[in-house]
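Reading through the structure tokens given below for one structure.
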Amino acid sequence: MTIRPRRSVLFVPGSNARALEKARGLMADCLIFDLEDAVTPEAKDGARAAVEEALEAGGYEGREIIVRINAAGSQWFADDLAMAARAAPHAILAPKVRGAEDIQLLADRMAGADTGPVALWAMMETPQAVLNARAIAQAARQTPLSVLVMGTNDLALETGARAGENRAFFIPWLMTCVAAAKAQGLEIIDGVYNDFSDAEGFAAECRQGRMMGMSGKSLIHPAQIAAANAAFSPSREEIARAERIIAAFDDPANAGKGVTGVDGRMVERLHLEMARRTLALAAAIGAREKG
Ligand code: COA
Ligand code: MG
């Protein structure tokens with residue numbers, strides 16, 4: 001089972017030289033070099049060149065590298081895609097996706113631009129994307145789509161909805177996208193938390209995202225990395241329990257049993273699968289943090 005930790009997914013504005021430099025020393029699992037919303041129209045060309053130069057110079061090893069390009073309908077799209085083809089990040093993140101046909105179009109354009117084996121990630125940040133979440137995720141069957149990223153700021157902007165207490169009004173949209181992602185075996189990353197000076201509120205939202213089934217959280221500031229890494233890592237107790245579940249099913253006394261008891265709770269074979277995932281994720285995190 002190969003699992004890639006995606007607990008902390010930091011947006012790095014392509015137009016901010018200091019941030020591009022700073023990111024070399026930041027231990028986020030994933031770095032999204034942004035050419036889209038974080039960059040003003042006047043700064044687009046400079047940001048694209050700066051990101052290409054930074055990726056060529058390197059120094060971001062051990063992290064998953066993603067480039068967020070401008071939308072397919074924009075004047076910057078072709079140049080962004082050509083740059084991504086040269087820079088060969090792990091993934092391209094597409095903004096403002098509205099339906100499955102957008103994913104197919106991007107996949108075709110990626111093939112046309114010779115991006116090679118680059119994954120496609122999609123921002124879920126329009127009301128259309130939420131309503132079409134199932135079809136968007138299903139496009140993964142014939143495209144390199146592998147991760148959905150919630151864009152809660154744009155969703156708020158486009159719908160006029162506010163998240164509300166504990167994000168009450170966004171939960172149906174978030175969980176719809178989780179279900180759509182998981183139905184196709186995709187991963188999903190939670191939206192950003194804008195108030196980067198509120199550590200407590202951020203930690204609470206990370207816990208909430210994890211309970212929703214998110215793999216990690218998208219971040220705007222370096223101060224959020226350590227807390228996201230902690231929140232989305234299996235805890236010591238979770239690891240120990242996963243080991244006990246595996247041991248229980250390995251016990252010859254339980255051979256052939258579909259269900260048994262561990263720590264006074266029922267565990268089924270499906271919990272065995274979850275336990276294996278927990279240990280694989282913990283191992284991947286351990287390997288990552290060693291170097
Ligand atoms: N990536 C890398 N480095 C970052 C960073 C980021 N997203 N955000 C801040 N930094 C760096 C700063 O450059 C600064 O570096 P220094 O200490 O070497 O000078 C340090 O972290 C501390 O930053 P701070 O002064 O607290 O914040 P700021 O006022 O410089 O920036 C924001 C605040 C919100 C403008 C900035 O964090 C940012 O641009 N975040 C990303 C926004 C984004 O990408 N939005 C689109 C997707 S939602
Ligand atoms: Mg956006």
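A note on labels: chains of the structure tokens are A, B, ... as shown, every chain counts residues from 1, and ligands are counted from 1 in their shown order.
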
Any residue with an atom at most 10 Å from ligand 1 counts, using only C-alpha atoms and all ligand atoms. Which are they? Put them as a PDB file with N, CA, C and O atoms, in the first residue's frame.
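Heads up, here's the output in part-v5.pdb:
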```pdb
ATOM      1  N   VAL A   9      -0.870  21.354   2.880  1.00  0.00           N
ATOM      2  CA  VAL A   9      -0.787  21.675   1.449  1.00  0.00           C
ATOM      3  C   VAL A   9      -0.725  23.196   1.341  1.00  0.00           C
ATOM      4  O   VAL A   9      -1.755  23.871   1.369  1.00  0.00           O
ATOM      5  N   LEU A  10       0.486  23.732   1.256  1.00  0.00           N
ATOM      6  CA  LEU A  10       0.679  25.190   1.373  1.00  0.00           C
ATOM      7  C   LEU A  10       0.635  25.900   0.027  1.00  0.00           C
ATOM      8  O   LEU A  10       1.364  25.527  -0.902  1.00  0.00           O
ATOM      9  N   PHE A  11      -0.208  26.920  -0.064  1.00  0.00           N
ATOM     10  CA  PHE A  11      -0.194  27.809  -1.223  1.00  0.00           C
ATOM     11  C   PHE A  11       0.990  28.765  -1.104  1.00  0.00           C
ATOM     12  O   PHE A  11       1.160  29.442  -0.087  1.00  0.00           O
ATOM     13  N   VAL A  12       1.777  28.835  -2.162  1.00  0.00           N
ATOM     14  CA  VAL A  12       2.908  29.765  -2.210  1.00  0.00           C
ATOM     15  C   VAL A  12       2.677  30.688  -3.408  1.00  0.00           C
ATOM     16  O   VAL A  12       2.715  30.228  -4.552  1.00  0.00           O
ATOM     17  N   PRO A  13       2.408  31.977  -3.158  1.00  0.00           N
ATOM     18  CA  PRO A  13       2.145  32.885  -4.288  1.00  0.00           C
ATOM     19  C   PRO A  13       3.363  32.981  -5.205  1.00  0.00           C
ATOM     20  O   PRO A  13       4.463  33.283  -4.761  1.00  0.00           O
ATOM     21  N   GLY A  14       3.149  32.725  -6.499  1.00  0.00           N
ATOM     22  CA  GLY A  14       4.257  32.748  -7.439  1.00  0.00           C
ATOM     23  C   GLY A  14       4.878  34.119  -7.588  1.00  0.00           C
ATOM     24  O   GLY A  14       6.038  34.252  -7.998  1.00  0.00           O
ATOM     25  N   SER A  15       4.131  35.148  -7.233  1.00  0.00           N
ATOM     26  CA  SER A  15       4.609  36.522  -7.392  1.00  0.00           C
ATOM     27  C   SER A  15       5.397  37.019  -6.182  1.00  0.00           C
ATOM     28  O   SER A  15       5.863  38.149  -6.180  1.00  0.00           O
ATOM     29  N   ASN A  16       5.545  36.164  -5.165  1.00  0.00           N
ATOM     30  CA  ASN A  16       6.220  36.587  -3.939  1.00  0.00           C
ATOM     31  C   ASN A  16       7.571  35.880  -3.819  1.00  0.00           C
ATOM     32  O   ASN A  16       7.658  34.722  -3.397  1.00  0.00           O
ATOM     33  N   ALA A  17       8.633  36.588  -4.203  1.00  0.00           N
ATOM     34  CA  ALA A  17       9.974  35.984  -4.239  1.00  0.00           C
ATOM     35  C   ALA A  17      10.389  35.474  -2.871  1.00  0.00           C
ATOM     36  O   ALA A  17      10.998  34.405  -2.743  1.00  0.00           O
ATOM     37  N   ARG A  18      10.040  36.236  -1.854  1.00  0.00           N
ATOM     38  CA  ARG A  18      10.399  35.863  -0.482  1.00  0.00           C
ATOM     39  C   ARG A  18       9.727  34.529  -0.117  1.00  0.00           C
ATOM     40  O   ARG A  18      10.327  33.657   0.509  1.00  0.00           O
ATOM     41  N   ALA A  19       8.470  34.387  -0.499  1.00  0.00           N
ATOM     42  CA  ALA A  19       7.733  33.155  -0.186  1.00  0.00           C
ATOM     43  C   ALA A  19       8.309  31.963  -0.949  1.00  0.00           C
ATOM     44  O   ALA A  19       8.405  30.851  -0.413  1.00  0.00           O
ATOM     45  N   LEU A  20       8.703  32.166  -2.200  1.00  0.00           N
ATOM     46  CA  LEU A  20       9.295  31.079  -2.993  1.00  0.00           C
ATOM     47  C   LEU A  20      10.581  30.596  -2.321  1.00  0.00           C
ATOM     48  O   LEU A  20      10.853  29.394  -2.266  1.00  0.00           O
ATOM     49  N   GLU A  21      11.335  31.540  -1.791  1.00  0.00           N
ATOM     50  CA  GLU A  21      12.585  31.201  -1.107  1.00  0.00           C
ATOM     51  C   GLU A  21      12.286  30.517   0.223  1.00  0.00           C
ATOM     52  O   GLU A  21      12.837  29.464   0.544  1.00  0.00           O
ATOM     53  N   LYS A  22      11.383  31.117   0.975  1.00  0.00           N
ATOM     54  CA  LYS A  22      11.010  30.591   2.298  1.00  0.00           C
ATOM     55  C   LYS A  22      10.515  29.140   2.198  1.00  0.00           C
ATOM     56  O   LYS A  22      10.808  28.312   3.070  1.00  0.00           O
ATOM     57  N   ALA A  23       9.773  28.838   1.138  1.00  0.00           N
ATOM     58  CA  ALA A  23       9.175  27.509   0.988  1.00  0.00           C
ATOM     59  C   ALA A  23      10.234  26.404   0.929  1.00  0.00           C
ATOM     60  O   ALA A  23       9.958  25.252   1.266  1.00  0.00           O
ATOM     61  N   ARG A  24      11.449  26.751   0.541  1.00  0.00           N
ATOM     62  CA  ARG A  24      12.514  25.731   0.480  1.00  0.00           C
ATOM     63  C   ARG A  24      12.748  25.106   1.853  1.00  0.00           C
ATOM     64  O   ARG A  24      13.105  23.938   1.955  1.00  0.00           O
ATOM     65  N   GLY A  25      12.527  25.888   2.884  1.00  0.00           N
ATOM     66  CA  GLY A  25      12.785  25.385   4.239  1.00  0.00           C
ATOM     67  C   GLY A  25      11.523  24.986   4.993  1.00  0.00           C
ATOM     68  O   GLY A  25      11.593  24.738   6.194  1.00  0.00           O
ATOM     69  N   LEU A  26      10.394  24.918   4.311  1.00  0.00           N
ATOM     70  CA  LEU A  26       9.128  24.630   4.997  1.00  0.00           C
ATOM     71  C   LEU A  26       8.725  23.173   4.795  1.00  0.00           C
ATOM     72  O   LEU A  26       8.715  22.680   3.672  1.00  0.00           O
ATOM     73  N   ALA A  28       5.998  21.490   4.739  1.00  0.00           N
ATOM     74  CA  ALA A  28       4.643  21.105   4.329  1.00  0.00           C
ATOM     75  C   ALA A  28       4.769  19.836   3.480  1.00  0.00           C
ATOM     76  O   ALA A  28       5.781  19.659   2.799  1.00  0.00           O
ATOM     77  N   LEU A  31       3.490  21.552  -1.706  1.00  0.00           N
ATOM     78  CA  LEU A  31       3.612  22.987  -1.980  1.00  0.00           C
ATOM     79  C   LEU A  31       2.877  23.284  -3.284  1.00  0.00           C
ATOM     80  O   LEU A  31       3.176  22.677  -4.323  1.00  0.00           O
ATOM     81  N   ILE A  32       1.913  24.204  -3.213  1.00  0.00           N
ATOM     82  CA  ILE A  32       1.201  24.623  -4.429  1.00  0.00           C
ATOM     83  C   ILE A  32       1.745  25.977  -4.857  1.00  0.00           C
ATOM     84  O   ILE A  32       1.512  26.991  -4.184  1.00  0.00           O
ATOM     85  N   PHE A  33       2.474  26.000  -5.945  1.00  0.00           N
ATOM     86  CA  PHE A  33       2.984  27.261  -6.487  1.00  0.00           C
ATOM     87  C   PHE A  33       1.854  27.895  -7.285  1.00  0.00           C
ATOM     88  O   PHE A  33       1.414  27.349  -8.300  1.00  0.00           O
ATOM     89  N   ASP A  34       1.392  29.046  -6.777  1.00  0.00           N
ATOM     90  CA  ASP A  34       0.145  29.594  -7.308  1.00  0.00           C
ATOM     91  C   ASP A  34       0.379  30.678  -8.350  1.00  0.00           C
ATOM     92  O   ASP A  34       1.094  31.658  -8.103  1.00  0.00           O
ATOM     93  N   LEU A  35      -0.240  30.475  -9.508  1.00  0.00           N
ATOM     94  CA  LEU A  35      -0.235  31.500 -10.558  1.00  0.00           C
ATOM     95  C   LEU A  35      -1.612  32.152 -10.671  1.00  0.00           C
ATOM     96  O   LEU A  35      -1.783  33.098 -11.425  1.00  0.00           O
ATOM     97  N   GLU A  36      -2.587  31.623  -9.926  1.00  0.00           N
ATOM     98  CA  GLU A  36      -3.971  32.079 -10.102  1.00  0.00           C
ATOM     99  C   GLU A  36      -4.370  33.156  -9.085  1.00  0.00           C
ATOM    100  O   GLU A  36      -3.826  34.256  -9.122  1.00  0.00           O
ATOM    101  N   ASP A  37      -5.271  32.834  -8.147  1.00  0.00           N
ATOM    102  CA  ASP A  37      -5.881  33.872  -7.318  1.00  0.00           C
ATOM    103  C   ASP A  37      -4.902  34.703  -6.487  1.00  0.00           C
ATOM    104  O   ASP A  37      -5.189  35.863  -6.172  1.00  0.00           O
ATOM    105  N   ALA A  38      -3.767  34.156  -6.128  1.00  0.00           N
ATOM    106  CA  ALA A  38      -2.815  34.907  -5.299  1.00  0.00           C
ATOM    107  C   ALA A  38      -2.026  35.918  -6.131  1.00  0.00           C
ATOM    108  O   ALA A  38      -1.264  36.716  -5.578  1.00  0.00           O
ATOM    109  N   VAL A  39      -2.205  35.889  -7.451  1.00  0.00           N
ATOM    110  CA  VAL A  39      -1.384  36.718  -8.337  1.00  0.00           C
ATOM    111  C   VAL A  39      -2.280  37.669  -9.146  1.00  0.00           C
ATOM    112  O   VAL A  39      -3.238  37.221  -9.788  1.00  0.00           O
ATOM    113  N   ARG A  68      -0.510  25.616  -9.521  1.00  0.00           N
ATOM    114  CA  ARG A  68      -1.894  25.998  -9.825  1.00  0.00           C
ATOM    115  C   ARG A  68      -1.869  26.982 -10.983  1.00  0.00           C
ATOM    116  O   ARG A  68      -1.350  28.092 -10.868  1.00  0.00           O
ATOM    117  N   GLY A 151     -12.284  24.734  -2.331  1.00  0.00           N
ATOM    118  CA  GLY A 151     -12.000  26.166  -2.405  1.00  0.00           C
ATOM    119  C   GLY A 151     -13.114  26.934  -1.712  1.00  0.00           C
ATOM    120  O   GLY A 151     -14.007  27.484  -2.364  1.00  0.00           O
ATOM    121  N   THR A 152     -13.052  26.973  -0.402  1.00  0.00           N
ATOM    122  CA  THR A 152     -14.184  27.496   0.370  1.00  0.00           C
ATOM    123  C   THR A 152     -14.328  29.012   0.243  1.00  0.00           C
ATOM    124  O   THR A 152     -15.444  29.526   0.329  1.00  0.00           O
ATOM    125  N   ASN A 153     -13.226  29.735   0.013  1.00  0.00           N
ATOM    126  CA  ASN A 153     -13.362  31.187  -0.158  1.00  0.00           C
ATOM    127  C   ASN A 153     -14.147  31.515  -1.428  1.00  0.00           C
ATOM    128  O   ASN A 153     -15.032  32.365  -1.422  1.00  0.00           O
ATOM    129  N   ASP A 154     -13.819  30.857  -2.520  1.00  0.00           N
ATOM    130  CA  ASP A 154     -14.553  31.112  -3.766  1.00  0.00           C
ATOM    131  C   ASP A 154     -15.991  30.635  -3.666  1.00  0.00           C
ATOM    132  O   ASP A 154     -16.892  31.269  -4.217  1.00  0.00           O
ATOM    133  N   GLY A 191     -10.449  23.091   2.639  1.00  0.00           N
ATOM    134  CA  GLY A 191     -10.211  24.486   2.277  1.00  0.00           C
ATOM    135  C   GLY A 191      -9.314  25.212   3.277  1.00  0.00           C
ATOM    136  O   GLY A 191      -8.976  24.672   4.334  1.00  0.00           O
ATOM    137  N   VAL A 192      -8.945  26.436   2.942  1.00  0.00           N
ATOM    138  CA  VAL A 192      -8.015  27.198   3.794  1.00  0.00           C
ATOM    139  C   VAL A 192      -8.751  27.844   4.969  1.00  0.00           C
ATOM    140  O   VAL A 192      -9.968  28.027   4.940  1.00  0.00           O
ATOM    141  N   TYR A 193      -7.967  28.196   5.985  1.00  0.00           N
ATOM    142  CA  TYR A 193      -8.455  28.929   7.155  1.00  0.00           C
ATOM    143  C   TYR A 193      -7.770  30.293   7.104  1.00  0.00           C
ATOM    144  O   TYR A 193      -6.554  30.389   7.251  1.00  0.00           O
ATOM    145  N   ASN A 194      -8.558  31.322   6.840  1.00  0.00           N
ATOM    146  CA  ASN A 194      -7.966  32.620   6.517  1.00  0.00           C
ATOM    147  C   ASN A 194      -7.245  33.312   7.677  1.00  0.00           C
ATOM    148  O   ASN A 194      -6.270  34.030   7.463  1.00  0.00           O
ATOM    149  N   ASP A 195      -7.747  33.100   8.897  1.00  0.00           N
ATOM    150  CA  ASP A 195      -7.204  33.834  10.042  1.00  0.00           C
ATOM    151  C   ASP A 195      -5.953  33.132  10.557  1.00  0.00           C
ATOM    152  O   ASP A 195      -6.005  32.363  11.519  1.00  0.00           O
ATOM    153  N   PHE A 196      -4.810  33.413   9.911  1.00  0.00           N
ATOM    154  CA  PHE A 196      -3.613  32.629  10.242  1.00  0.00           C
ATOM    155  C   PHE A 196      -3.010  32.979  11.604  1.00  0.00           C
ATOM    156  O   PHE A 196      -2.068  32.335  12.042  1.00  0.00           O
ATOM    157  N   SER A 197      -3.578  33.983  12.283  1.00  0.00           N
ATOM    158  CA  SER A 197      -3.085  34.262  13.647  1.00  0.00           C
ATOM    159  C   SER A 197      -3.941  33.566  14.715  1.00  0.00           C
ATOM    160  O   SER A 197      -3.627  33.614  15.890  1.00  0.00           O
ATOM    161  N   SER A 218      -5.550  22.621   3.064  1.00  0.00           N
ATOM    162  CA  SER A 218      -4.800  23.601   2.293  1.00  0.00           C
ATOM    163  C   SER A 218      -4.522  24.795   3.210  1.00  0.00           C
ATOM    164  O   SER A 218      -5.335  25.138   4.070  1.00  0.00           O
ATOM    165  N   LEU A 219      -3.337  25.377   3.035  1.00  0.00           N
ATOM    166  CA  LEU A 219      -2.815  26.367   3.985  1.00  0.00           C
ATOM    167  C   LEU A 219      -2.385  27.625   3.248  1.00  0.00           C
ATOM    168  O   LEU A 219      -1.998  27.566   2.078  1.00  0.00           O
ATOM    169  N   ILE A 220      -2.420  28.736   3.981  1.00  0.00           N
ATOM    170  CA  ILE A 220      -1.963  29.994   3.384  1.00  0.00           C
ATOM    171  C   ILE A 220      -0.709  30.534   4.035  1.00  0.00           C
ATOM    172  O   ILE A 220      -0.068  31.412   3.475  1.00  0.00           O
ATOM    173  N   HIS A 221      -0.354  30.002   5.216  1.00  0.00           N
ATOM    174  CA  HIS A 221       0.745  30.624   5.962  1.00  0.00           C
ATOM    175  C   HIS A 221       1.609  29.547   6.629  1.00  0.00           C
ATOM    176  O   HIS A 221       1.080  28.533   7.100  1.00  0.00           O
ATOM    177  N   PRO A 222       2.933  29.792   6.677  1.00  0.00           N
ATOM    178  CA  PRO A 222       3.829  28.801   7.279  1.00  0.00           C
ATOM    179  C   PRO A 222       3.441  28.442   8.715  1.00  0.00           C
ATOM    180  O   PRO A 222       3.665  27.308   9.155  1.00  0.00           O
ATOM    181  N   ALA A 223       2.840  29.385   9.436  1.00  0.00           N
ATOM    182  CA  ALA A 223       2.476  29.129  10.835  1.00  0.00           C
ATOM    183  C   ALA A 223       1.439  28.019  10.967  1.00  0.00           C
ATOM    184  O   ALA A 223       1.215  27.505  12.060  1.00  0.00           O
ATOM    185  N   GLN A 224       0.804  27.640   9.862  1.00  0.00           N
ATOM    186  CA  GLN A 224      -0.250  26.612   9.924  1.00  0.00           C
ATOM    187  C   GLN A 224       0.277  25.195   9.661  1.00  0.00           C
ATOM    188  O   GLN A 224      -0.463  24.224   9.843  1.00  0.00           O
TER     189      GLN A 224
END
```

Per residue of segment 22-124 of chain A within 6 Å of segment 130-149 of chain A, record the nearest atom pair and its distance in Å to one decimal, counting only C-alpha atoms, with rows in chain order and ascending residue number, as CSV.
```
residue,atom,partner,partner_atom,distance
A:Gly99,CA,A:Ile136,CA,5.6
A:Ala100,CA,A:Ile136,CA,4.3
A:Ala107,CA,A:Thr143,CA,5.9
A:Ala119,CA,A:Pro144,CA,5.0
A:Leu120,CA,A:Leu145,CA,4.4
A:Trp121,CA,A:Val147,CA,4.8
A:Ala122,CA,A:Leu148,CA,5.0
A:Met123,CA,A:Val149,CA,4.8
A:Met124,CA,A:Val149,CA,5.8
```

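Assigned to strand (DSSP E) in segment 66-189 of chain A, given DSSP computed from backbone atoms, are Ile66, Val67, Arg68, Ala91, Ile92, Leu93, Ala94, Ala119, Leu120, Trp121, Ala122, Met123, Met124, Leu145, Ser146, Val147, Leu148, Val149, Met150, Glu187, Ile188 and Ile189 of chain A.
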
Contacts of Arg109 of chain A at 9 Å (only C-alpha atoms; same-chain gap of 4+ positions) as a list in words:
Ala78, Leu81, Gln104, Leu105, Ala113 and Asp114 of chain A

Take the residues from that selection and write them out as a PDB file, in the first residue's frame, keeping N, CA, C and O atoms.
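Contents of out.pdb, as written:
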```pdb
ATOM      1  N   ALA A  78      -2.479  28.980 -21.664  1.00  0.00           N
ATOM      2  CA  ALA A  78      -1.556  28.260 -22.552  1.00  0.00           C
ATOM      3  C   ALA A  78      -0.113  28.408 -22.063  1.00  0.00           C
ATOM      4  O   ALA A  78       0.644  27.426 -22.018  1.00  0.00           O
ATOM      5  N   LEU A  81       0.398  26.370 -18.857  1.00  0.00           N
ATOM      6  CA  LEU A  81       0.489  24.937 -19.126  1.00  0.00           C
ATOM      7  C   LEU A  81       1.847  24.588 -19.754  1.00  0.00           C
ATOM      8  O   LEU A  81       2.473  23.584 -19.397  1.00  0.00           O
ATOM      9  N   GLN A 104     -11.944  16.729 -18.621  1.00  0.00           N
ATOM     10  CA  GLN A 104     -11.556  16.078 -19.881  1.00  0.00           C
ATOM     11  C   GLN A 104     -10.764  17.039 -20.765  1.00  0.00           C
ATOM     12  O   GLN A 104      -9.731  16.684 -21.334  1.00  0.00           O
ATOM     13  N   LEU A 105     -11.244  18.281 -20.844  1.00  0.00           N
ATOM     14  CA  LEU A 105     -10.554  19.286 -21.655  1.00  0.00           C
ATOM     15  C   LEU A 105      -9.122  19.513 -21.137  1.00  0.00           C
ATOM     16  O   LEU A 105      -8.161  19.556 -21.908  1.00  0.00           O
ATOM     17  N   ALA A 113       0.129  19.344 -24.549  1.00  0.00           N
ATOM     18  CA  ALA A 113       1.291  20.150 -24.140  1.00  0.00           C
ATOM     19  C   ALA A 113       2.455  19.254 -23.704  1.00  0.00           C
ATOM     20  O   ALA A 113       3.493  19.755 -23.261  1.00  0.00           O
ATOM     21  N   ASP A 114       2.246  17.921 -23.788  1.00  0.00           N
ATOM     22  CA  ASP A 114       3.312  16.983 -23.426  1.00  0.00           C
ATOM     23  C   ASP A 114       3.766  17.153 -21.993  1.00  0.00           C
ATOM     24  O   ASP A 114       4.965  17.224 -21.714  1.00  0.00           O
TER      25      ASP A 114
END
```

How many Å lie between atom CA of Lys182 of chain A and atom CA of Ala248 of chain A, rounded to one decimal?
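Atom-to-atom, atom CA of Lys182 of chain A and atom CA of Ala248 of chain A are spaced 27.3 Å apart.
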
With only C-alpha atoms as the counted atoms, please give the residues lying no more than 12 Å from Gly264 of chain A, apart from itself and same-chain residues fewer than 5 positions off, as a list in words.
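With the cut-off at 12 Å, the set is Arg241, Arg244 and Ile245 of chain A.
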
Keeping only N, CA, C and O atoms, write the selected residues as a CSV table (one decimal), in the first residue's frame.
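New file selection34.csv:
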```csv
chain,number,residue,atom,x,y,z
A,241,ARG,N,-3.9,1.0,18.4
A,241,ARG,CA,-5.1,0.2,18.2
A,241,ARG,C,-5.1,-0.5,16.8
A,241,ARG,O,-5.5,-1.6,16.7
A,244,ARG,N,-3.2,-3.6,17.2
A,244,ARG,CA,-4.0,-4.6,18.0
A,244,ARG,C,-5.1,-5.2,17.0
A,244,ARG,O,-5.3,-6.4,17.1
A,245,ILE,N,-5.6,-4.5,16.2
A,245,ILE,CA,-6.7,-5.0,15.2
A,245,ILE,C,-6.0,-6.0,14.3
A,245,ILE,O,-6.5,-7.1,14.0
```

With only C-alpha atoms as the basis for distance, which of A:Cys206, A:Ala240, A:Leu272, A:Val51 is at the shortest distance from Val259 of chain A?
A:Leu272

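The space between atom CA of Thr176 of chain A and atom CA of Ile285 of chain A spans 27.8 Å.
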
What's the separation between atom CA of Glu243 of chain A and atom CA of Ala287 of chain A, in Å to one decimal place?
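So the answer is 18.3 Å.
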